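Peer 1: Sharing a structure below in structure tokens format, with a few things to ask.
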Amino acid sequence: MPQCEKQTPSLPLRSLPLSLALILALTVIIPLGISEAHAQDRLGDFGFSGMDVFRLGAAGGPWHAADLDSDGDLDLTIWIDDRGELVHFLRDPESEGFVHMEAGNTLVDPAGWRRMETSVGASVEALTSVDLNQDGWTDLVISCPGADRLEVFWGSENEESRFKRSDRVRMEDLARGSQTLGTESGITTEGAATALKVLTEDGVRTLRWKKGTTTLAENSLTHGSAGGARFLVPVDVNGDQALDMISVSTASADRPYPVRTRLRVPGATEEWSPEQLLRVESGRYLGHTITGEEPIFFFGERDRPVLTGYRVVPVSTSQDQLGVRVIPLSAEGLGKSRMAQGDIDADGDIDVVVLDAKGSRLIPIFNEDGDLFPGKSSPTLQKPEDLLVSEGKVYVFSKSEGGIGVSKLDGRGLSFPDLQPMKRSVDSLVAVGGFTPSGDLLTMHKGSGRSDYDLVYGEQQFPIGKVNREPSAVRLFPGAEGSTLIVVEIPFESPKLFSLNSKAASGEEEVSETWIDEIEAPATIESGGKITSLAPGKILVTQKNRARIVEITAGKARVIRQLDVPGTGAEVTASAAIQWNADDDSDRSEIVLIDQGNSMIHLGNEKEVISSQEGPFKKILQAAGYDLGNGTEELLLLNDRALMVVARPEGSLEMIESFSRRANHENSRITAIASGDLNGDGLIDLAAVDGARGELEILAGSAKGFVPALGFPVFERKTFSGGGRGVEPRAILVEDFDGDGLDDVVLMIHDRWIMYPQQNLDNARDSR
């Protein structure tokens with residue numbers, strides 16, 4: 001077998017300036033430390049039959065390979081931002097190439113290609129091609145997030161009019177990035193059709209056009225994605241012959257879970273069920289490939305010279321794992337937001353309303369058969385501080401606008417709130433607690449004294465006594481024996497507990513009576529802790545790395561047990577009581593502790609912490625457990641940008657590491673990959689760009705994964721500092737551009753793209 005390490009690609013010097021050609025002719029291609037043993041073990045040969053250089057005139061990207069003129073050859077489209085053009089390189093064996101002047105130099109593109117340009121009036125970040133209207137001609141789709149639009153350039157049989165006619169689709173909140181467009185084929189009432197999948201900040205939208213026309217037939221948000229997602233990967237991960245929409249997040253708050261997906265529900269056509277697949281702390285998503293009919297996803301670590309691949313497999317330990325669905329709400333952040341639950345659309349299912357404190361908006365999230373879908377974001381009172389949902393109405397508290405406003409359902413949004421009169425001056429209002437069993441709103445106000453505070457509900461008020469600091473919140477929970485527990489949270493002090501009791505009228509002359517009794521509470525409850533209800537008459541108080549279970553009986557509260565959170569640096573910021581098992585008849589609540597310090601979620605009962613797992617649980621604002629209608633409770637977590645639905649998975653998937661390679665050089669970093677059969681042996685190979693060292697490495701596919709086979713420095717190694725670009729080369733494609741049956745390697749470097757045509761060495765010897 002020939003030694004690939006010692007081979008130097010022959011370069012087409014006729015297509016380069018003289019000075020550059022002399023430099024390249026003297027260049028010795030140096031392998032990336034590939035051992036003699038590896039060379040003997042390789043399953044195939046790799047050889048490049050030259051190097052073709054195409055000058056763009058300015059930095060290019062993104063790009064896309066497709067048969068643009070339907071002649072059977074693969075073409076290439078590249079966006080040139082400085083020129084505002086899509087430049088199409090069309091494969092044409094009869095063409096003598098392209099000659100043009102650039103800065104006083106005569107530049108020649110190789111023979112066999114010809115150029116075509118399409119002007120665009122906005123900056124392009126992503127592009128793809130697909131026959132959208134089923135007319136037999138390829139159409140080009142570009143994404144322009146800066147202009148809040150998609151644009152479709154329609155293909156046609158006539159070359160003069162091809163891509164000259166376009167339609168724009170207004171779309172706000174388009175995700176930024178070069179891999180945000182995808183396609184999916186399916187069957188509609190009109191027959192076979194192709195859907196365009198578009199990644200936005202709100203999730204993945206589906207667009208369809210009427211057959212044979214340029215009329216848009218559908219523009220719908222079919223499923224959500226990870227918060228801050230920048231990559232959309234349509235791929236069948238579970239082997240059901242249907243595409244799943246993988247979204248990859250690069251947001252720091254989602255870093256432990258950069259890959260999430262919405263998997264098609266078995267037997268359904270347009271129903272999707274989202275779940276998280278992968279936990280990666282520092283991975284840079286590079287791409288995926290299909291090996292053995294299964295996808296493998298590749299990540300390059302940011303701090304180490306390690307390339308890792310992951311496969312999707314069924315969850316092996318479903319009892320210890322949690323699936324996470326993500327409903328993105330805001331890319332900019334919601335501020336100190338809150339959520340509340342209630343049936344706002346009167347369909348019998350619990351809906352959720354999120355308060356966008358930063359944008360002064362309400363976001364209704366409708367429950368449709370156990371799945372949550374965000375509605376229309378609606379304006380509300382300025383500087384909102386809290387919200388409640390009761391009897392289908394949403395109550396918003398804003399001291400700056402004079403108190404409490406009430407909103408009602410208005411289509412898929414909420415009406416602008418009407419201000420409600422209050423029994424006491426809004427200037428004295430401290431916090432809103434909720435509605436009592438009698439239907440009165442309970443609020444807390446400053447009293448007449450400097451350290452006096454009163455609870456007010458209906459026409460009654462009750463002084464809570466002097467406190468050293470202003471209370472931060474007042475909350476209502478189910479109490480023992482039908483009473484209502486009132487918890488007044490005080491910063492750096494033990495909470496004050498009260499019991500709200502009522503006596504119904506028993507005769508015509510008697511009236512119902514409501515009164516408040518203070519509950520004796522020991523200092524061991526916890527100073528400044530956060531309160532969660534476990535069961536009637538039982539609460540959980542969390543603080544830093546511990547949680548205390550408090551039982552209230554006969555007007556007294558006592559700590560019955562303390563749960564210590566495992567791990568150093570633990571910081572419990574939220575907790576909830578969840579009944580995971582619907583068949584369990586016991587009244588014992590399972591406890592969920594959100595550990596922001598370690599980005600962990602801890603599961604336990606009232607005796608101990610049972611298991612822990614990593615999660616996207618940084619900066620959690622609120623946690624709550626609700627039954628969305630499927631008979632089991634789910635955990636809802638609100639952070640600054642998204643609502644996460646956490647539940648025990650059934651028949652779910654997870655990602656496991658299946659391939660890992662550490663480079664020989666510590667300063668090596670794989671920044672881009674592409675895959676294909678480069679040596680004609682029937683196995684998928686990897687072409688990897690080492691952006692830190694300016695080198696290209698070929699990894700040969702084998703039964704053991706991917707084996708290093710060939711490496712060399714690439715043309716034009718310098719770092720390009722303009723246009724926000726990173727190291728060079730900055731992009732790679734592996735496609736069969738010359739039609740010989742072997743995939744070729746294409747790199748985008750600085751202001752040009754370079755093609756290394758692949759030539760199998762055994763085939764070359766046979767031809768001689």
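Identifiers in the structure tokens: chain A, B, ... in order shown; residue index from 1 per chain; ligand index from 1 in order shown.
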Extract, using only C-alpha atoms, all DNA, RNA and protein residues at most 9 Å from A:Gln460, discarding same-chain residues fewer than 4 positions from it, and format them as a list of chain:residue names.
Peer 2: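 My reading of the contact set: A:Leu455, A:Val456, A:Thr514, A:Trp515.
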Peer 1: Near stretch 685-701 of chain A, within 7 Å and counting only C-alpha atoms, which residues show up once chain neighbours fewer than 2 positions away are dropped, as a list of chain:residue names?
Peer 2: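 Returned residues: A:Asn667, A:Ser668, A:Arg669, A:Ile670, A:Thr671, A:Ala672, A:Ile673, A:Ala674, A:Ser675, A:Gly676, A:Asp677, A:Leu678, A:Leu683, A:Gly705, A:Phe706, A:Val707, A:Pro708, A:Ala709, A:Leu710, A:Gly711, A:Phe712, A:Pro713, A:Val714, A:Arg717, A:Val727, A:Glu728, A:Pro729.
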Peer 1: Name the residues in contact with A:Leu563 at a cut-off of 12 Å, using only C-alpha atoms, excluding same-chain residues fewer than 4 positions from it; report them as a ChimeraX atom specification.
Peer 2: /A:540-550,559,572,591-593,602-610
Peer 1: Select, from A:Gly528, A:Gly309, A:Pro62, A:Gly155, the residue with the minimum atom-to-atom distance to A:Thr138, counting only C-alpha atoms.
Peer 2: A:Gly155
Peer 1: Just the strand (DSSP E) stuff from stretch 687-750 of chain A, please, per backbone DSSP, written as a PyMOL selection string.
Peer 2: chain A and resi 687-690+695-702+705-713+731-735+744-749
Peer 1: Can you pull out the residues contacting stretch 742-755 of chain A? Cut-off 7 Å, using only C-alpha atoms, and skip same-chain residues under 4 positions away; I want them as an mmCIF file with all heavy atoms, in the first residue's frame.
Peer 2:
```cif
data_model
loop_
_atom_site.group_PDB
_atom_site.id
_atom_site.type_symbol
_atom_site.label_atom_id
_atom_site.label_comp_id
_atom_site.auth_asym_id
_atom_site.auth_seq_id
_atom_site.Cartn_x
_atom_site.Cartn_y
_atom_site.Cartn_z
ATOM 1 N N MET A 51 -5.015 21.024 -7.160
ATOM 2 C CA MET A 51 -5.681 22.030 -6.346
ATOM 3 C C MET A 51 -6.186 23.130 -7.269
ATOM 4 O O MET A 51 -5.406 23.739 -8.002
ATOM 5 C CB MET A 51 -4.714 22.611 -5.314
ATOM 6 C CG MET A 51 -5.347 23.667 -4.426
ATOM 7 S SD MET A 51 -4.202 24.300 -3.190
ATOM 8 C CE MET A 51 -3.089 25.268 -4.220
ATOM 9 N N ASP A 52 -7.480 23.382 -7.270
ATOM 10 C CA ASP A 52 -8.077 24.427 -8.087
ATOM 11 C C ASP A 52 -8.439 25.606 -7.194
ATOM 12 O O ASP A 52 -9.106 25.429 -6.164
ATOM 13 C CB ASP A 52 -9.329 23.923 -8.794
ATOM 14 C CG ASP A 52 -9.000 22.853 -9.831
ATOM 15 O OD1 ASP A 52 -7.854 22.874 -10.307
ATOM 16 O OD2 ASP A 52 -9.877 22.030 -10.134
ATOM 17 N N VAL A 53 -8.020 26.801 -7.580
ATOM 18 C CA VAL A 53 -8.244 28.001 -6.783
ATOM 19 C C VAL A 53 -9.232 28.907 -7.503
ATOM 20 O O VAL A 53 -9.057 29.219 -8.680
ATOM 21 C CB VAL A 53 -6.922 28.750 -6.527
ATOM 22 C CG1 VAL A 53 -7.174 29.997 -5.685
ATOM 23 C CG2 VAL A 53 -5.921 27.832 -5.840
ATOM 24 N N PHE A 54 -10.278 29.333 -6.768
ATOM 25 C CA PHE A 54 -11.314 30.214 -7.298
ATOM 26 C C PHE A 54 -11.277 31.513 -6.500
ATOM 27 O O PHE A 54 -11.484 31.503 -5.276
ATOM 28 C CB PHE A 54 -12.697 29.580 -7.172
ATOM 29 C CG PHE A 54 -12.847 28.279 -7.911
ATOM 30 C CD1 PHE A 54 -12.264 27.108 -7.433
ATOM 31 C CD2 PHE A 54 -13.576 28.214 -9.080
ATOM 32 C CE1 PHE A 54 -12.405 25.907 -8.094
ATOM 33 C CE2 PHE A 54 -13.721 27.015 -9.759
ATOM 34 C CZ PHE A 54 -13.139 25.860 -9.271
ATOM 35 N N ARG A 55 -11.036 32.637 -7.154
ATOM 36 C CA ARG A 55 -10.925 33.920 -6.471
ATOM 37 C C ARG A 55 -12.302 34.569 -6.352
ATOM 38 O O ARG A 55 -13.007 34.710 -7.348
ATOM 39 C CB ARG A 55 -9.969 34.843 -7.222
ATOM 40 C CG ARG A 55 -9.714 36.171 -6.551
ATOM 41 C CD ARG A 55 -8.988 35.969 -5.219
ATOM 42 N NE ARG A 55 -8.781 37.245 -4.543
ATOM 43 C CZ ARG A 55 -7.625 37.912 -4.551
ATOM 44 N NH1 ARG A 55 -6.587 37.403 -5.190
ATOM 45 N NH2 ARG A 55 -7.501 39.050 -3.919
ATOM 46 N N LEU A 56 -12.671 34.973 -5.127
ATOM 47 C CA LEU A 56 -13.964 35.596 -4.880
ATOM 48 C C LEU A 56 -13.898 37.111 -4.967
ATOM 49 O O LEU A 56 -14.903 37.767 -5.187
ATOM 50 C CB LEU A 56 -14.502 35.191 -3.502
ATOM 51 C CG LEU A 56 -14.639 33.687 -3.243
ATOM 52 C CD1 LEU A 56 -15.065 33.441 -1.804
ATOM 53 C CD2 LEU A 56 -15.622 33.074 -4.210
ATOM 54 N N GLY A 57 -12.733 37.695 -4.739
ATOM 55 C CA GLY A 57 -12.597 39.136 -4.726
ATOM 56 C C GLY A 57 -12.835 39.750 -3.377
ATOM 57 O O GLY A 57 -12.484 40.901 -3.127
ATOM 58 N N ALA A 58 -13.434 38.998 -2.447
ATOM 59 C CA ALA A 58 -13.679 39.452 -1.080
ATOM 60 C C ALA A 58 -14.007 38.217 -0.254
ATOM 61 O O ALA A 58 -14.222 37.123 -0.792
ATOM 62 C CB ALA A 58 -14.820 40.465 -1.021
ATOM 63 N N ALA A 59 -14.024 38.380 1.061
ATOM 64 C CA ALA A 59 -14.323 37.239 1.933
ATOM 65 C C ALA A 59 -15.720 36.715 1.656
ATOM 66 O O ALA A 59 -16.667 37.490 1.491
ATOM 67 C CB ALA A 59 -14.188 37.647 3.397
ATOM 68 N N GLY A 60 -15.849 35.391 1.604
ATOM 69 C CA GLY A 60 -17.131 34.780 1.282
ATOM 70 C C GLY A 60 -17.723 33.981 2.415
ATOM 71 O O GLY A 60 -17.071 33.676 3.401
ATOM 72 N N GLY A 676 -17.544 12.238 3.912
ATOM 73 C CA GLY A 676 -17.845 11.622 2.637
ATOM 74 C C GLY A 676 -16.911 10.454 2.397
ATOM 75 O O GLY A 676 -15.968 10.229 3.157
ATOM 76 N N ASP A 677 -17.160 9.705 1.338
ATOM 77 C CA ASP A 677 -16.292 8.569 0.992
ATOM 78 C C ASP A 677 -15.173 9.110 0.111
ATOM 79 O O ASP A 677 -15.304 9.216 -1.111
ATOM 80 C CB ASP A 677 -17.090 7.496 0.270
ATOM 81 C CG ASP A 677 -16.253 6.257 -0.016
ATOM 82 O OD1 ASP A 677 -15.074 6.221 0.421
ATOM 83 O OD2 ASP A 677 -16.762 5.343 -0.684
ATOM 84 N N LEU A 678 -14.056 9.433 0.725
ATOM 85 C CA LEU A 678 -12.964 10.095 0.016
ATOM 86 C C LEU A 678 -12.059 9.142 -0.748
ATOM 87 O O LEU A 678 -11.324 9.567 -1.636
ATOM 88 C CB LEU A 678 -12.125 10.911 1.006
ATOM 89 C CG LEU A 678 -12.821 12.151 1.588
ATOM 90 C CD1 LEU A 678 -11.976 12.759 2.694
ATOM 91 C CD2 LEU A 678 -13.075 13.170 0.501
ATOM 92 N N ASN A 679 -12.047 7.867 -0.388
ATOM 93 C CA ASN A 679 -11.129 6.936 -1.047
ATOM 94 C C ASN A 679 -11.843 5.785 -1.752
ATOM 95 O O ASN A 679 -11.201 4.830 -2.180
ATOM 96 C CB ASN A 679 -10.121 6.380 -0.039
ATOM 97 C CG ASN A 679 -10.812 5.716 1.152
ATOM 98 O OD1 ASN A 679 -12.044 5.719 1.244
ATOM 99 N ND2 ASN A 679 -10.029 5.159 2.051
ATOM 100 N N GLY A 680 -13.149 5.858 -1.856
ATOM 101 C CA GLY A 680 -13.879 4.868 -2.631
ATOM 102 C C GLY A 680 -13.937 3.492 -2.037
ATOM 103 O O GLY A 680 -14.160 2.521 -2.760
ATOM 104 N N GLU A 716 -2.796 29.372 1.965
ATOM 105 C CA GLU A 716 -3.219 30.614 2.617
ATOM 106 C C GLU A 716 -3.572 30.374 4.080
ATOM 107 O O GLU A 716 -4.721 30.339 4.487
ATOM 108 C CB GLU A 716 -4.429 31.213 1.897
ATOM 109 C CG GLU A 716 -4.780 32.629 2.333
ATOM 110 C CD GLU A 716 -3.878 33.676 1.718
ATOM 111 O OE1 GLU A 716 -3.518 33.543 0.541
ATOM 112 O OE2 GLU A 716 -3.509 34.609 2.430
ATOM 113 N N PHE A 720 -7.633 35.757 8.910
ATOM 114 C CA PHE A 720 -8.319 36.894 8.301
ATOM 115 C C PHE A 720 -9.018 37.677 9.402
ATOM 116 O O PHE A 720 -9.812 37.134 10.159
ATOM 117 C CB PHE A 720 -9.332 36.394 7.273
ATOM 118 C CG PHE A 720 -10.150 37.478 6.639
ATOM 119 C CD1 PHE A 720 -9.532 38.569 6.051
ATOM 120 C CD2 PHE A 720 -11.526 37.412 6.633
ATOM 121 C CE1 PHE A 720 -10.284 39.565 5.463
ATOM 122 C CE2 PHE A 720 -12.282 38.398 6.050
ATOM 123 C CZ PHE A 720 -11.660 39.483 5.462
ATOM 124 N N GLU A 728 -8.487 30.716 9.688
ATOM 125 C CA GLU A 728 -8.612 30.153 8.353
ATOM 126 C C GLU A 728 -7.994 28.763 8.304
ATOM 127 O O GLU A 728 -6.993 28.535 8.977
ATOM 128 C CB GLU A 728 -7.910 31.056 7.342
ATOM 129 C CG GLU A 728 -8.418 32.479 7.302
ATOM 130 C CD GLU A 728 -9.802 32.599 6.677
ATOM 131 O OE1 GLU A 728 -10.305 31.577 6.165
ATOM 132 O OE2 GLU A 728 -10.372 33.680 6.720
ATOM 133 N N PRO A 729 -8.559 27.826 7.492
ATOM 134 C CA PRO A 729 -9.789 27.951 6.719
ATOM 135 C C PRO A 729 -11.009 28.003 7.652
ATOM 136 O O PRO A 729 -10.997 27.391 8.726
ATOM 137 C CB PRO A 729 -9.827 26.691 5.865
ATOM 138 C CG PRO A 729 -8.530 26.023 6.057
ATOM 139 C CD PRO A 729 -7.930 26.515 7.317
ATOM 140 N N ARG A 730 -12.052 28.651 7.220
ATOM 141 C CA ARG A 730 -13.202 28.818 8.105
ATOM 142 C C ARG A 730 -14.396 27.940 7.737
ATOM 143 O O ARG A 730 -15.393 27.925 8.445
ATOM 144 C CB ARG A 730 -13.639 30.274 8.129
ATOM 145 C CG ARG A 730 -14.099 30.837 6.815
ATOM 146 C CD ARG A 730 -14.489 32.306 6.998
ATOM 147 N NE ARG A 730 -14.874 32.933 5.762
ATOM 148 C CZ ARG A 730 -14.027 33.462 4.896
ATOM 149 N NH1 ARG A 730 -12.738 33.406 5.153
ATOM 150 N NH2 ARG A 730 -14.446 34.033 3.796
ATOM 151 N N ALA A 731 -14.320 27.235 6.590
ATOM 152 C CA ALA A 731 -15.430 26.353 6.219
ATOM 153 C C ALA A 731 -14.905 25.262 5.302
ATOM 154 O O ALA A 731 -13.892 25.420 4.614
ATOM 155 C CB ALA A 731 -16.539 27.148 5.529
ATOM 156 N N ILE A 732 -15.626 24.128 5.296
ATOM 157 C CA ILE A 732 -15.213 22.975 4.495
ATOM 158 C C ILE A 732 -16.450 22.271 3.967
ATOM 159 O O ILE A 732 -17.497 22.206 4.633
ATOM 160 C CB ILE A 732 -14.339 22.005 5.326
ATOM 161 C CG1 ILE A 732 -13.842 20.854 4.451
ATOM 162 C CG2 ILE A 732 -15.078 21.498 6.552
ATOM 163 C CD1 ILE A 732 -12.821 19.964 5.149
ATOM 164 N N LEU A 733 -16.353 21.751 2.738
ATOM 165 C CA LEU A 733 -17.378 20.909 2.137
ATOM 166 C C LEU A 733 -16.710 19.657 1.572
ATOM 167 O O LEU A 733 -15.556 19.712 1.122
ATOM 168 C CB LEU A 733 -18.098 21.628 0.997
ATOM 169 C CG LEU A 733 -19.113 22.707 1.335
ATOM 170 C CD1 LEU A 733 -19.615 23.364 0.053
ATOM 171 C CD2 LEU A 733 -20.285 22.134 2.114
ATOM 172 N N VAL A 734 -17.424 18.557 1.586
ATOM 173 C CA VAL A 734 -16.979 17.330 0.920
ATOM 174 C C VAL A 734 -18.105 16.884 -0.004
ATOM 175 O O VAL A 734 -19.164 16.456 0.454
ATOM 176 C CB VAL A 734 -16.626 16.229 1.936
ATOM 177 C CG1 VAL A 734 -16.366 14.909 1.209
ATOM 178 C CG2 VAL A 734 -15.410 16.616 2.755
ATOM 179 N N GLU A 735 -17.897 17.054 -1.302
ATOM 180 C CA GLU A 735 -18.877 16.687 -2.317
ATOM 181 C C GLU A 735 -18.131 16.234 -3.572
ATOM 182 O O GLU A 735 -16.947 16.543 -3.755
ATOM 183 C CB GLU A 735 -19.783 17.874 -2.671
ATOM 184 C CG GLU A 735 -20.587 18.430 -1.518
ATOM 185 C CD GLU A 735 -21.812 17.609 -1.191
ATOM 186 O OE1 GLU A 735 -22.066 16.615 -1.917
ATOM 187 O OE2 GLU A 735 -22.527 17.956 -0.231
ATOM 188 N N ASP A 736 -18.830 15.527 -4.452
ATOM 189 C CA ASP A 736 -18.249 15.105 -5.717
ATOM 190 C C ASP A 736 -18.523 16.183 -6.756
ATOM 191 O O ASP A 736 -19.554 16.185 -7.432
ATOM 192 C CB ASP A 736 -18.847 13.769 -6.158
ATOM 193 C CG ASP A 736 -18.253 13.265 -7.463
ATOM 194 O OD1 ASP A 736 -17.245 13.850 -7.908
ATOM 195 O OD2 ASP A 736 -18.805 12.306 -8.031
ATOM 196 N N PHE A 737 -17.600 17.130 -6.876
ATOM 197 C CA PHE A 737 -17.803 18.244 -7.788
ATOM 198 C C PHE A 737 -17.402 17.919 -9.226
ATOM 199 O O PHE A 737 -17.890 18.542 -10.158
ATOM 200 C CB PHE A 737 -17.015 19.472 -7.305
ATOM 201 C CG PHE A 737 -17.672 20.202 -6.170
ATOM 202 C CD1 PHE A 737 -17.298 19.967 -4.863
ATOM 203 C CD2 PHE A 737 -18.682 21.116 -6.404
ATOM 204 C CE1 PHE A 737 -17.900 20.637 -3.820
ATOM 205 C CE2 PHE A 737 -19.302 21.794 -5.373
ATOM 206 C CZ PHE A 737 -18.916 21.557 -4.075
#
```
Peer 1: Go through A:Leu277, A:Leu643, A:Leu621, A:Leu150 and flag the residue nearest A:Ile365, using only C-alpha atoms for the distances.
Peer 2: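 Between A:Leu277, A:Leu643, A:Leu621, A:Leu150, the residue approaching A:Ile365 most closely is A:Leu643.
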Peer 1: Excluding A:Thr291 and its own-chain neighbours fewer than 4 positions away, which residues fall within 9 Å of it when counting only C-alpha atoms? Please give them as a PyMOL selection string.
Peer 2: chain A and resi 295-296+683-684
Peer 1: Create the file for the chosen residues now, containing C-alpha atoms and written as a PDB file, in the first residue's frame.
Peer 2:
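File written: again25.pdb
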```pdb
ATOM      1  CA  PRO A 295     -26.147   9.660  12.743  1.00  0.00           C
ATOM      2  CA  ILE A 296     -23.074  10.571  14.717  1.00  0.00           C
ATOM      3  CA  LEU A 683     -16.827   3.785   4.264  1.00  0.00           C
ATOM      4  CA  ILE A 684     -17.484   7.344   5.413  1.00  0.00           C
TER       5      ILE A 684
END
```
Peer 1: In Å, how far is it from atom CA of A:Gly348 to atom CA of A:Arg325?
Peer 2: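 That distance, rounded to one decimal, is 22.3 Å.
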Peer 1: Which residues come within 10 Å of A:Leu221, counting only C-alpha atoms, excluding same-chain residues fewer than 5 positions away, as a VMD selection string?
Peer 2: chain A and resid 197 to 200 202 to 207 373 to 374
Peer 1: Could you turn the residues from that selection into a file that holds C-alpha atoms, as a short mmCIF file (atom, residue, chain, number, x, y, z; two decimals), in the first residue's frame?
Peer 2:
```cif
data_model
loop_
_atom_site.label_atom_id
_atom_site.label_comp_id
_atom_site.auth_asym_id
_atom_site.auth_seq_id
_atom_site.Cartn_x
_atom_site.Cartn_y
_atom_site.Cartn_z
CA LYS A 197 -37.80 24.39 7.99
CA VAL A 198 -36.59 27.70 9.42
CA LEU A 199 -34.95 28.12 12.82
CA THR A 200 -36.11 31.21 14.71
CA ASP A 202 -39.19 31.09 18.99
CA GLY A 203 -38.57 27.67 17.51
CA VAL A 204 -38.75 25.96 14.12
CA ARG A 205 -41.23 27.29 11.57
CA THR A 206 -42.60 25.23 8.67
CA LEU A 207 -43.23 26.90 5.29
CA PHE A 373 -47.31 26.15 22.93
CA PRO A 374 -46.60 29.88 23.39
#
```
Peer 1: Given only C-alpha atoms as the basis, pick out the residue of A:Ser599, A:Ser360, A:Ser494, A:Ser119 nearest to A:Arg338.
Peer 2: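 Between A:Ser599, A:Ser360, A:Ser494, A:Ser119, the residue approaching A:Arg338 most closely is A:Ser360.
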Peer 1: Which one of A:Asp349, A:Ser398, A:Pro364, A:Ser143 sits closest to A:Glu172 if you count only C-alpha atoms?
Peer 2: A:Ser143
Peer 1: My list of candidates is A:Leu653, A:Met171, A:Val152, A:Leu441. Which is closest to A:Arg262 when distances are computed with only C-alpha atoms?
Peer 2: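 Among A:Leu653, A:Met171, A:Val152, A:Leu441, it is A:Leu653 that comes nearest to A:Arg262.
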